[in-house]
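Raw run-v1.txt, compact mmCIF, C-alpha atoms:
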```txt
# COMPACT_ATOMS: atom_id res chain seq x y z
CA MET A 1 61.08 184.36 227.93
CA VAL A 2 57.96 183.05 226.19
CA ILE A 3 58.64 185.34 223.23
CA GLU A 4 62.10 183.89 222.65
CA LEU A 5 60.90 180.31 223.09
CA SER A 6 57.99 180.78 220.71
CA PHE A 7 60.28 182.04 217.98
CA ILE A 8 62.75 179.22 218.62
CA TRP A 9 59.93 176.72 218.20
CA ALA A 10 58.65 178.48 215.09
CA GLY A 11 62.16 178.12 213.65
CA LEU A 12 62.36 174.43 214.59
CA ILE A 13 59.01 173.65 212.99
CA ALA A 14 59.92 175.66 209.88
CA PHE A 15 63.18 173.69 209.66
CA ALA A 16 61.34 170.36 210.04
CA VAL A 17 58.90 171.25 207.26
CA LEU A 18 61.72 172.37 204.96
CA ALA A 19 63.67 169.19 205.69
CA TYR A 20 60.59 167.13 204.83
CA VAL A 21 59.96 169.02 201.58
CA LEU A 22 63.56 168.57 200.44
CA LEU A 23 64.12 164.99 201.57
CA ASP A 24 60.72 163.53 200.75
CA GLY A 25 60.40 165.80 197.72
CA PHE A 26 62.81 163.93 195.48
CA ASP A 27 61.27 160.53 196.20
CA LEU A 28 57.78 161.93 195.57
CA GLY A 29 59.30 163.27 192.37
CA ILE A 30 60.48 159.76 191.45
CA GLY A 31 56.88 158.57 191.83
CA ILE A 32 55.58 161.44 189.69
CA LEU A 33 58.12 160.60 186.94
CA PHE A 34 57.40 156.88 187.17
CA PRO A 35 55.16 156.59 184.06
CA PHE A 36 57.75 158.38 181.91
CA LEU A 37 60.61 156.02 182.61
CA LYS A 38 61.55 153.57 179.86
CA ASP A 39 60.51 150.21 181.25
CA ARG A 40 60.00 148.21 184.42
CA ASP A 41 63.73 147.68 184.94
CA GLU A 42 64.38 151.40 184.81
CA ARG A 43 61.47 152.12 187.15
CA HIS A 44 62.82 149.63 189.66
CA LEU A 45 66.29 151.16 189.33
CA ALA A 46 64.76 154.55 190.14
CA MET A 47 63.04 153.06 193.19
CA ASN A 48 66.32 151.53 194.33
CA THR A 49 67.91 154.98 194.43
CA ILE A 50 65.48 155.99 197.19
CA ALA A 51 64.83 152.63 198.86
CA PRO A 52 67.41 153.02 201.66
CA VAL A 53 66.22 156.48 202.77
CA TRP A 54 62.62 157.17 201.74
CA ASP A 55 60.84 156.09 204.93
CA GLY A 56 63.29 157.98 207.15
CA ASN A 57 62.56 161.16 205.20
CA GLU A 58 58.99 161.23 206.51
CA THR A 59 60.29 161.54 210.07
CA TRP A 60 60.43 165.28 209.48
CA LEU A 61 56.73 165.39 208.56
CA VAL A 62 55.86 163.75 211.88
CA LEU A 63 58.17 166.11 213.73
CA GLY A 64 56.67 169.18 212.04
CA GLY A 65 53.05 168.13 212.67
CA GLY A 66 53.70 166.97 216.21
CA GLY A 67 55.71 170.09 216.99
CA LEU A 68 52.91 172.32 215.75
CA LEU A 69 50.40 170.55 217.99
CA ALA A 70 52.65 170.71 221.04
CA ALA A 71 54.16 174.18 220.68
CA PHE A 72 51.34 176.04 218.91
CA PRO A 73 48.09 174.24 219.81
CA LEU A 74 45.89 177.18 218.80
CA ALA A 75 47.42 177.26 215.32
CA TYR A 76 46.94 173.49 215.04
CA ALA A 77 43.30 173.80 216.10
CA ILE A 78 42.67 176.41 213.40
CA VAL A 79 44.72 174.99 210.53
CA MET A 80 43.52 171.40 210.78
CA PRO A 81 39.76 172.09 210.33
CA ALA A 82 40.59 174.45 207.47
CA LEU A 83 42.64 171.83 205.65
CA TYR A 84 41.12 168.54 206.82
CA PRO A 85 40.26 167.23 203.32
CA LEU A 86 43.76 167.99 202.05
CA ILE A 87 45.55 166.56 205.10
CA ILE A 88 43.52 163.34 204.98
CA THR A 89 44.05 163.00 201.22
CA MET A 90 47.78 163.59 201.64
CA LEU A 91 48.07 160.94 204.35
CA LEU A 92 46.10 158.43 202.28
CA GLY A 93 48.39 159.11 199.33
CA LEU A 94 51.50 158.63 201.47
CA ILE A 95 50.11 155.44 202.99
CA PHE A 96 49.19 153.97 199.62
CA ARG A 97 52.59 154.95 198.23
CA GLY A 98 54.33 153.25 201.15
CA VAL A 99 52.35 150.05 200.74
CA ALA A 100 52.93 150.07 196.98
CA PHE A 101 56.66 150.60 197.51
CA GLU A 102 56.93 147.32 199.41
CA PHE A 103 54.38 145.26 197.47
CA ILE A 104 55.91 146.01 194.06
CA HIS A 105 58.78 143.72 195.02
CA ARG A 106 56.59 141.05 196.63
CA THR A 107 54.29 140.15 193.76
CA ASN A 108 54.36 139.42 190.05
CA ARG A 109 50.66 139.22 189.20
CA MET A 110 49.79 142.59 190.80
CA LYS A 111 53.04 144.37 190.01
CA ALA A 112 51.46 146.76 187.48
CA PHE A 113 48.71 147.67 189.96
CA TRP A 114 51.23 148.61 192.66
CA GLU A 115 53.36 150.55 190.20
CA ILE A 116 50.31 152.64 189.35
CA GLY A 117 49.60 152.95 193.06
CA PHE A 118 53.13 154.21 193.74
CA CYS A 119 52.75 156.88 191.05
CA LEU A 120 49.23 157.95 192.08
CA GLY A 121 50.09 157.99 195.78
CA SER A 122 53.06 160.27 195.11
CA LEU A 123 51.05 162.56 192.83
CA ILE A 124 48.09 162.81 195.21
CA ALA A 125 50.36 163.61 198.16
CA ALA A 126 52.16 166.32 196.17
CA ILE A 127 48.91 167.92 194.95
CA SER A 128 47.46 167.91 198.48
CA GLN A 129 50.57 169.53 199.92
CA GLY A 130 50.60 172.18 197.19
CA MET A 131 46.94 173.06 197.65
CA ALA A 132 47.40 173.23 201.44
CA LEU A 133 50.29 175.62 200.93
CA GLY A 134 48.21 177.81 198.63
CA ALA A 135 45.31 177.88 201.07
CA LEU A 136 47.64 178.88 203.90
CA VAL A 137 49.26 181.65 201.84
CA GLN A 138 45.84 183.04 200.92
CA GLY A 139 44.99 183.28 204.59
CA ILE A 140 42.67 181.34 206.87
CA THR A 141 39.50 182.87 208.25
CA ILE A 142 39.54 182.94 212.05
CA ASP A 143 36.50 183.49 214.25
CA GLY A 144 37.68 184.14 217.80
CA ARG A 145 39.91 181.17 218.57
CA ALA A 146 38.50 178.80 215.95
CA TYR A 147 38.35 178.32 212.20
CA GLY A 148 35.64 180.55 210.77
CA GLY A 149 35.69 179.66 207.08
CA GLY A 150 33.82 177.21 204.89
CA ASN A 151 34.49 173.64 203.87
CA TRP A 152 35.83 174.59 200.44
CA ASP A 153 37.86 177.72 201.16
CA TRP A 154 41.04 175.81 200.26
CA LEU A 155 39.84 175.18 196.69
CA THR A 156 40.80 178.28 194.68
CA PRO A 157 42.70 179.04 191.46
CA PHE A 158 45.69 180.16 193.52
CA SER A 159 45.84 176.91 195.50
CA ALA A 160 45.61 174.99 192.22
CA LEU A 161 48.53 177.07 190.92
CA THR A 162 50.67 176.33 193.98
CA ALA A 163 49.77 172.64 193.67
CA LEU A 164 50.97 172.60 190.06
CA ALA A 165 54.16 174.43 191.05
CA LEU A 166 54.90 171.94 193.82
CA VAL A 167 54.25 168.91 191.59
CA VAL A 168 56.63 170.32 188.97
CA GLY A 169 59.13 171.18 191.71
CA TYR A 170 59.06 167.66 193.13
CA ALA A 171 59.42 166.20 189.64
CA THR A 172 62.46 168.45 189.08
CA LEU A 173 63.96 167.25 192.36
CA GLY A 174 63.29 163.66 191.27
CA ALA A 175 64.91 164.17 187.87
CA THR A 176 68.03 165.81 189.30
CA TRP A 177 68.23 163.08 191.95
CA LEU A 178 68.29 160.48 189.17
CA ILE A 179 71.06 162.49 187.48
CA LEU A 180 73.01 162.25 190.72
CA LYS A 181 72.35 158.56 191.43
CA THR A 182 72.23 156.77 188.05
CA GLU A 183 74.38 156.18 185.00
CA GLY A 184 74.03 155.56 181.29
CA GLU A 185 70.67 155.72 179.57
CA THR A 186 68.75 156.47 182.76
CA LEU A 187 70.98 159.45 183.53
CA THR A 188 70.53 160.73 179.98
CA ARG A 189 66.76 160.39 180.24
CA ALA A 190 66.73 162.14 183.63
CA ARG A 191 68.75 165.03 182.22
CA ARG A 192 66.26 165.26 179.36
CA PHE A 193 63.43 165.47 181.91
CA ALA A 194 65.23 168.09 183.98
CA TRP A 195 65.44 170.71 181.22
CA PRO A 196 61.71 171.34 180.63
CA LEU A 197 60.86 170.69 184.28
CA GLY A 198 63.42 173.24 185.47
CA ILE A 199 62.13 175.86 183.05
CA ALA A 200 58.51 175.16 184.02
CA LEU A 201 59.41 175.35 187.72
CA LEU A 202 61.06 178.76 187.35
CA VAL A 203 58.13 180.08 185.33
CA LEU A 204 55.62 178.85 187.92
CA ILE A 205 57.69 180.31 190.77
CA GLY A 206 57.67 183.61 188.90
CA VAL A 207 53.89 183.55 188.47
CA VAL A 208 53.27 182.61 192.11
CA SER A 209 55.75 185.29 193.25
CA ILE A 210 53.97 187.94 191.20
CA VAL A 211 50.51 186.98 192.47
CA THR A 212 51.36 186.42 196.15
CA PRO A 213 52.13 190.04 197.18
CA PHE A 214 48.71 191.12 195.92
CA LEU A 215 46.81 188.55 197.98
CA ARG A 216 47.20 190.55 201.20
CA PRO A 217 48.30 194.14 201.95
CA GLU A 218 50.93 192.99 204.44
CA TYR A 219 52.57 190.80 201.78
CA LEU A 220 52.74 193.77 199.42
CA GLU A 221 54.33 195.94 202.11
CA ARG A 222 57.01 193.38 202.95
CA TRP A 223 58.03 192.89 199.34
CA PHE A 224 57.68 196.40 197.93
CA GLY A 225 57.62 198.69 200.96
CA TRP A 226 60.52 200.69 202.34
CA PRO A 227 62.97 199.56 203.69
CA SER A 228 61.69 195.96 203.86
CA GLY A 229 61.60 195.71 200.07
CA VAL A 230 65.35 196.30 199.89
CA TYR A 231 66.11 193.31 202.12
CA SER A 232 63.50 191.13 200.41
CA ALA A 233 65.08 191.83 197.01
CA VAL A 234 68.01 189.61 198.02
CA VAL A 235 65.81 186.52 197.57
CA PRO A 236 65.01 186.93 193.85
CA VAL A 237 68.66 187.82 193.18
CA LEU A 238 69.82 184.60 194.85
CA LEU A 239 67.05 182.71 193.06
CA ALA A 240 68.43 183.93 189.74
CA CYS A 241 71.86 182.64 190.81
CA ALA A 242 70.34 179.24 191.65
CA ALA A 243 68.61 179.18 188.25
CA TRP A 244 71.94 179.87 186.56
CA MET A 245 73.51 177.11 188.64
CA LEU A 246 70.83 174.68 187.44
CA TRP A 247 71.26 175.74 183.81
CA SER A 248 75.05 175.52 183.91
CA GLY A 249 74.93 172.18 185.73
CA LEU A 250 72.67 170.63 183.11
CA ARG A 251 74.53 172.19 180.22
CA GLY A 252 77.90 171.12 181.61
CA ARG A 253 76.61 167.60 182.29
CA HIS A 254 77.43 167.80 185.98
CA THR A 255 75.79 165.21 188.21
CA LEU A 256 75.70 166.92 191.61
CA ARG A 257 75.22 170.57 190.67
CA PRO A 258 71.68 170.28 189.19
CA PHE A 259 70.39 168.62 192.37
CA LEU A 260 72.04 171.19 194.63
CA ALA A 261 70.67 173.99 192.45
CA THR A 262 67.13 172.61 192.69
CA VAL A 263 67.51 172.30 196.46
CA ALA A 264 68.68 175.93 196.55
CA ILE A 265 65.62 177.00 194.55
CA PHE A 266 63.34 175.28 197.06
CA VAL A 267 65.18 176.82 200.03
CA LEU A 268 64.97 180.32 198.56
CA THR A 269 61.27 180.05 197.74
CA TYR A 270 60.73 178.79 201.29
CA ILE A 271 62.57 181.82 202.64
CA GLY A 272 60.35 183.97 200.44
CA LEU A 273 57.28 182.43 202.05
CA GLY A 274 58.78 183.15 205.46
CA ILE A 275 59.23 186.80 204.52
CA SER A 276 55.58 187.00 203.49
CA PHE A 277 54.32 185.24 206.63
CA TYR A 278 56.44 186.81 209.36
CA PRO A 279 55.45 187.38 212.15
CA SER A 280 52.22 185.48 211.45
CA LEU A 281 52.04 181.75 212.00
CA VAL A 282 48.59 181.47 210.41
CA PRO A 283 48.00 184.38 208.04
CA PRO A 284 46.55 186.87 208.26
CA SER A 285 45.87 187.42 211.95
CA LEU A 286 47.36 184.72 214.18
CA SER A 287 50.92 185.62 215.18
CA ILE A 288 53.64 183.34 216.49
CA ILE A 289 53.37 184.82 219.98
CA ASP A 290 49.57 184.58 220.14
CA ALA A 291 49.56 180.94 219.04
CA ALA A 292 52.32 179.74 221.38
CA ALA A 293 51.79 177.29 224.23
CA PRO A 294 52.63 178.37 227.81
CA ASP A 295 56.24 179.10 228.69
CA THR A 296 56.60 175.99 230.86
CA SER A 297 55.36 173.74 228.04
CA LEU A 298 57.69 175.28 225.48
CA ARG A 299 60.66 174.92 227.79
CA PHE A 300 59.87 171.29 228.58
CA LEU A 301 59.38 170.46 224.90
CA LEU A 302 62.62 172.19 223.98
CA ILE A 303 64.57 169.86 226.28
CA GLY A 304 63.22 166.86 224.38
CA ALA A 305 63.75 168.51 221.00
CA SER A 306 67.38 169.36 221.84
CA ILE A 307 67.98 165.61 222.22
CA LEU A 308 65.72 164.26 219.49
CA ILE A 309 66.55 166.59 216.59
CA PRO A 310 70.36 166.05 216.71
CA MET A 311 69.73 162.30 216.79
CA ILE A 312 67.53 162.53 213.69
CA LEU A 313 70.11 164.70 211.93
CA VAL A 314 72.95 162.29 212.71
CA TYR A 315 70.91 159.26 211.62
CA THR A 316 69.81 160.98 208.40
CA ALA A 317 73.32 162.14 207.54
CA TYR A 318 74.75 158.70 208.29
CA SER A 319 72.19 156.88 206.13
CA TYR A 320 72.84 159.17 203.16
CA TRP A 321 76.59 158.77 203.64
CA VAL A 322 76.39 154.97 203.75
CA PHE A 323 74.30 154.81 200.59
CA ARG A 324 76.18 157.51 198.69
CA GLY A 325 77.30 157.02 195.11
CA LYS A 326 75.69 155.67 191.98
CA VAL A 327 73.07 152.92 191.99
CA ARG A 328 73.44 150.28 189.30
CA PRO A 329 70.84 147.87 187.86
CA GLU A 330 72.36 144.92 189.68
CA ASP A 331 72.05 146.69 193.04
CA GLY A 332 68.93 146.06 195.11
CA TYR A 333 67.51 146.67 198.56
CA HIS A 334 64.57 144.24 198.62
```

Write out the structure in this file as structure tokens.
Amino acid sequence: MVIELSFIWAGLIAFAVLAYVLLDGFDLGIGILFPFLKDRDERHLAMNTIAPVWDGNETWLVLGGGGLLAAFPLAYAIVMPALYPLIITMLLGLIFRGVAFEFIHRTNRMKAFWEIGFCLGSLIAAISQGMALGALVQGITIDGRAYGGGNWDWLTPFSALTALALVVGYATLGATWLILKTEGETLTRARRFAWPLGIALLVLIGVVSIVTPFLRPEYLERWFGWPSGVYSAVVPVLLACAAWMLWSGLRGRHTLRPFLATVAIFVLTYIGLGISFYPSLVPPSLSIIDAAAPDTSLRFLLIGASILIPMILVYTAYSYWVFRGKVRPEDGYH
């Protein structure tokens, strides 16, 4: 039974992380694009598109981190020391972004300072997440049941590449979100941002996808071995379809399709990471089964999760439904 429960929990945590990346990704993207918006009115309009939902999006980050600690304590004990600087930096960025989000609308004298803080907090959080992802993909050195690497193992050219890819990806999500939620000149500007960002994102995904299989032999086997390579080939085919969907949506001046296409690109790249990782939870040597908590703990936690996760899903869906539609300059949430 512990095998089934461990894989159920791995799926729940993977879902929570994906939900965080998608839902918090576009508002981090708004922060990254902040300096490139026309003026203060347009920046505040962009903030108003995310104001009703941004803090609820981070619920999934808490769920993913807390779930990892509870369901896979060994993985948590290994990953955290390996990525401490990045995790702390990410949290500081998110905290500063959150404070800036509220203070921008509470002050006039310090408004420029908090606008810079909102942008920097978003950028720092995105870079930290991207570098953490790259460090995890490269593999974490394990000594017995503890982290066995150095303090700077996370700082490599590959982790810098994944950080750049994630920043561009979040910015693309932000631009396509503005296409969905705004009108007029702001929509036109967002569409103008989305073209180069979308191209850059696909190029960076291609580079990362080419490099990743050669980082570890097991990655190479899953992507190019037989018969696993046949099944894995579905992902790049679907990714090409998502890229076409993004191109056609921007070219046809659709408002919803570019955002859905960017979401699809993120989902497919996430599935690609899952193909590379499986059945490891912490590459290269800690599997899902080895890292799992005892059967009784997993079963007890699953009872709580079966109640909590549907509640979060219903609340999230309801909040997005209530605040659906275009946001106009005269609208405000502060």

Using only C-alpha atoms: which of A:Ser287, A:Thr49, A:Ser122, A:Thr182 has the shortest distance to A:Pro35 |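 Among A:Ser287, A:Thr49, A:Ser122, A:Thr182, it is A:Ser122 that comes nearest to A:Pro35.
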
Using only C-alpha atoms, find the one residue out of A:Leu92, A:Ala71, A:Ala175, A:Val79 that sits nearest to A:Asp153.
->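 The shortest atom-to-atom distance to A:Asp153 comes from A:Val79.
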
Minimum-distance residue to A:Leu313, chosen among A:Ala19, A:Ala46, A:Leu74, A:Ala200 (using all atoms listed in the file) =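 Using all atoms listed in the file, A:Leu313 sits closest to A:Ala19.
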
At a cut-off of 10 Å, using all atoms listed in the file, what residues contact stretch 230-245 of chain A? Leave out same-chain residues fewer than 4 positions from it and give the result as a PDB file with C-alpha atoms, in the coordinates of the input.
```pdb
ATOM      1  CA  GLY A 198      63.420 173.240 185.470  1.00  0.00           C
ATOM      2  CA  ILE A 199      62.130 175.860 183.050  1.00  0.00           C
ATOM      3  CA  LEU A 201      59.410 175.350 187.720  1.00  0.00           C
ATOM      4  CA  LEU A 202      61.060 178.760 187.350  1.00  0.00           C
ATOM      5  CA  ILE A 205      57.690 180.310 190.770  1.00  0.00           C
ATOM      6  CA  GLY A 206      57.670 183.610 188.900  1.00  0.00           C
ATOM      7  CA  SER A 209      55.750 185.290 193.250  1.00  0.00           C
ATOM      8  CA  ARG A 222      57.010 193.380 202.950  1.00  0.00           C
ATOM      9  CA  TRP A 223      58.030 192.890 199.340  1.00  0.00           C
ATOM     10  CA  PHE A 224      57.680 196.400 197.930  1.00  0.00           C
ATOM     11  CA  GLY A 225      57.620 198.690 200.960  1.00  0.00           C
ATOM     12  CA  TRP A 226      60.520 200.690 202.340  1.00  0.00           C
ATOM     13  CA  GLY A 249      74.930 172.180 185.730  1.00  0.00           C
ATOM     14  CA  LEU A 250      72.670 170.630 183.110  1.00  0.00           C
ATOM     15  CA  ARG A 251      74.530 172.190 180.220  1.00  0.00           C
ATOM     16  CA  ARG A 257      75.220 170.570 190.670  1.00  0.00           C
ATOM     17  CA  PRO A 258      71.680 170.280 189.190  1.00  0.00           C
ATOM     18  CA  PHE A 259      70.390 168.620 192.370  1.00  0.00           C
ATOM     19  CA  LEU A 260      72.040 171.190 194.630  1.00  0.00           C
ATOM     20  CA  ALA A 261      70.670 173.990 192.450  1.00  0.00           C
ATOM     21  CA  THR A 262      67.130 172.610 192.690  1.00  0.00           C
ATOM     22  CA  VAL A 263      67.510 172.300 196.460  1.00  0.00           C
ATOM     23  CA  ALA A 264      68.680 175.930 196.550  1.00  0.00           C
ATOM     24  CA  ILE A 265      65.620 177.000 194.550  1.00  0.00           C
ATOM     25  CA  PHE A 266      63.340 175.280 197.060  1.00  0.00           C
ATOM     26  CA  VAL A 267      65.180 176.820 200.030  1.00  0.00           C
ATOM     27  CA  LEU A 268      64.970 180.320 198.560  1.00  0.00           C
ATOM     28  CA  THR A 269      61.270 180.050 197.740  1.00  0.00           C
ATOM     29  CA  TYR A 270      60.730 178.790 201.290  1.00  0.00           C
ATOM     30  CA  ILE A 271      62.570 181.820 202.640  1.00  0.00           C
ATOM     31  CA  GLY A 272      60.350 183.970 200.440  1.00  0.00           C
ATOM     32  CA  ILE A 275      59.230 186.800 204.520  1.00  0.00           C
ATOM     33  CA  SER A 276      55.580 187.000 203.490  1.00  0.00           C
TER      34      SER A 276
END
```

Computed interatomic separation between atom CA of A:Leu68 and atom CA of A:Ala10 (Å) | 8.4 Å

Taking into account all atoms listed in the file, which residue in the set A:Ala292, A:Leu180, A:Ala75, A:Ile32 is nearest to A:Gly117?
-> A:Ile32

Would you mind putting all heavy atoms back on stretch 46-56 of chain A and writing the result as a PDB file, keeping the file's coordinate frame?
```pdb
ATOM      1  N   ALA A  46      65.076 153.258 189.523  1.00  0.00           N
ATOM      2  CA  ALA A  46      64.760 154.550 190.140  1.00  0.00           C
ATOM      3  C   ALA A  46      64.295 154.362 191.586  1.00  0.00           C
ATOM      4  O   ALA A  46      64.670 155.130 192.481  1.00  0.00           O
ATOM      5  CB  ALA A  46      63.681 155.267 189.326  1.00  0.00           C
ATOM      6  N   MET A  47      63.488 153.337 191.826  1.00  0.00           N
ATOM      7  CA  MET A  47      63.040 153.060 193.190  1.00  0.00           C
ATOM      8  C   MET A  47      64.209 152.672 194.086  1.00  0.00           C
ATOM      9  O   MET A  47      64.240 153.029 195.271  1.00  0.00           O
ATOM     10  CB  MET A  47      61.983 151.963 193.187  1.00  0.00           C
ATOM     11  CG  MET A  47      60.670 152.366 192.550  1.00  0.00           C
ATOM     12  SD  MET A  47      59.402 151.101 192.731  1.00  0.00           S
ATOM     13  CE  MET A  47      58.999 151.279 194.462  1.00  0.00           C
ATOM     14  N   ASN A  48      65.167 151.940 193.528  1.00  0.00           N
ATOM     15  CA  ASN A  48      66.320 151.530 194.330  1.00  0.00           C
ATOM     16  C   ASN A  48      67.196 152.698 194.753  1.00  0.00           C
ATOM     17  O   ASN A  48      67.931 152.598 195.738  1.00  0.00           O
ATOM     18  CB  ASN A  48      67.157 150.508 193.561  1.00  0.00           C
ATOM     19  CG  ASN A  48      66.548 149.122 193.582  1.00  0.00           C
ATOM     20  OD1 ASN A  48      65.759 148.787 194.455  1.00  0.00           O
ATOM     21  ND2 ASN A  48      66.903 148.301 192.599  1.00  0.00           N
ATOM     22  N   THR A  49      67.116 153.814 194.023  1.00  0.00           N
ATOM     23  CA  THR A  49      67.910 154.980 194.430  1.00  0.00           C
ATOM     24  C   THR A  49      67.363 155.616 195.712  1.00  0.00           C
ATOM     25  O   THR A  49      68.099 156.311 196.421  1.00  0.00           O
ATOM     26  CB  THR A  49      67.938 156.052 193.327  1.00  0.00           C
ATOM     27  OG1 THR A  49      66.625 156.601 193.133  1.00  0.00           O
ATOM     28  CG2 THR A  49      68.466 155.474 192.015  1.00  0.00           C
ATOM     29  N   ILE A  50      66.085 155.387 195.993  1.00  0.00           N
ATOM     30  CA  ILE A  50      65.480 155.990 197.190  1.00  0.00           C
ATOM     31  C   ILE A  50      65.139 154.964 198.261  1.00  0.00           C
ATOM     32  O   ILE A  50      64.798 155.332 199.385  1.00  0.00           O
ATOM     33  CB  ILE A  50      64.204 156.785 196.831  1.00  0.00           C
ATOM     34  CG1 ILE A  50      63.143 155.877 196.198  1.00  0.00           C
ATOM     35  CG2 ILE A  50      64.531 157.950 195.920  1.00  0.00           C
ATOM     36  CD1 ILE A  50      61.817 156.563 195.935  1.00  0.00           C
ATOM     37  N   ALA A  51      65.248 153.680 197.927  1.00  0.00           N
ATOM     38  CA  ALA A  51      64.830 152.630 198.860  1.00  0.00           C
ATOM     39  C   ALA A  51      65.491 152.709 200.231  1.00  0.00           C
ATOM     40  O   ALA A  51      64.825 152.500 201.248  1.00  0.00           O
ATOM     41  CB  ALA A  51      65.071 151.254 198.231  1.00  0.00           C
ATOM     42  N   PRO A  52      66.791 153.036 200.331  1.00  0.00           N
ATOM     43  CA  PRO A  52      67.410 153.020 201.660  1.00  0.00           C
ATOM     44  C   PRO A  52      66.996 154.197 202.561  1.00  0.00           C
ATOM     45  O   PRO A  52      67.241 154.150 203.762  1.00  0.00           O
ATOM     46  CB  PRO A  52      68.916 153.107 201.345  1.00  0.00           C
ATOM     47  CG  PRO A  52      69.048 152.799 199.904  1.00  0.00           C
ATOM     48  CD  PRO A  52      67.782 153.257 199.283  1.00  0.00           C
ATOM     49  N   VAL A  53      66.413 155.251 201.976  1.00  0.00           N
ATOM     50  CA  VAL A  53      66.220 156.480 202.770  1.00  0.00           C
ATOM     51  C   VAL A  53      64.784 156.992 202.789  1.00  0.00           C
ATOM     52  O   VAL A  53      64.469 157.865 203.592  1.00  0.00           O
ATOM     53  CB  VAL A  53      67.141 157.597 202.237  1.00  0.00           C
ATOM     54  CG1 VAL A  53      68.612 157.232 202.437  1.00  0.00           C
ATOM     55  CG2 VAL A  53      66.873 157.912 200.768  1.00  0.00           C
ATOM     56  N   TRP A  54      63.910 156.494 201.936  1.00  0.00           N
ATOM     57  CA  TRP A  54      62.620 157.170 201.740  1.00  0.00           C
ATOM     58  C   TRP A  54      61.772 157.203 202.996  1.00  0.00           C
ATOM     59  O   TRP A  54      61.149 158.227 203.305  1.00  0.00           O
ATOM     60  CB  TRP A  54      61.849 156.512 200.582  1.00  0.00           C
ATOM     61  CG  TRP A  54      61.232 155.193 200.944  1.00  0.00           C
ATOM     62  CD1 TRP A  54      61.825 153.982 200.896  1.00  0.00           C
ATOM     63  CD2 TRP A  54      59.912 154.974 201.425  1.00  0.00           C
ATOM     64  NE1 TRP A  54      60.959 153.003 201.305  1.00  0.00           N
ATOM     65  CE2 TRP A  54      59.770 153.582 201.637  1.00  0.00           C
ATOM     66  CE3 TRP A  54      58.813 155.799 201.694  1.00  0.00           C
ATOM     67  CZ2 TRP A  54      58.592 153.023 202.109  1.00  0.00           C
ATOM     68  CZ3 TRP A  54      57.640 155.235 202.160  1.00  0.00           C
ATOM     69  CH2 TRP A  54      57.543 153.861 202.372  1.00  0.00           C
ATOM     70  N   ASP A  55      61.704 156.112 203.757  1.00  0.00           N
ATOM     71  CA  ASP A  55      60.840 156.090 204.930  1.00  0.00           C
ATOM     72  C   ASP A  55      61.381 156.968 206.050  1.00  0.00           C
ATOM     73  O   ASP A  55      60.610 157.572 206.809  1.00  0.00           O
ATOM     74  CB  ASP A  55      60.602 154.656 205.429  1.00  0.00           C
ATOM     75  CG  ASP A  55      61.873 153.833 205.496  1.00  0.00           C
ATOM     76  OD1 ASP A  55      62.938 154.336 205.083  1.00  0.00           O
ATOM     77  OD2 ASP A  55      61.804 152.681 205.967  1.00  0.00           O
ATOM     78  N   GLY A  56      62.708 157.089 206.154  1.00  0.00           N
ATOM     79  CA  GLY A  56      63.290 157.980 207.150  1.00  0.00           C
ATOM     80  C   GLY A  56      63.013 159.446 206.845  1.00  0.00           C
ATOM     81  O   GLY A  56      62.944 160.276 207.762  1.00  0.00           O
TER      82      GLY A  56
END
```
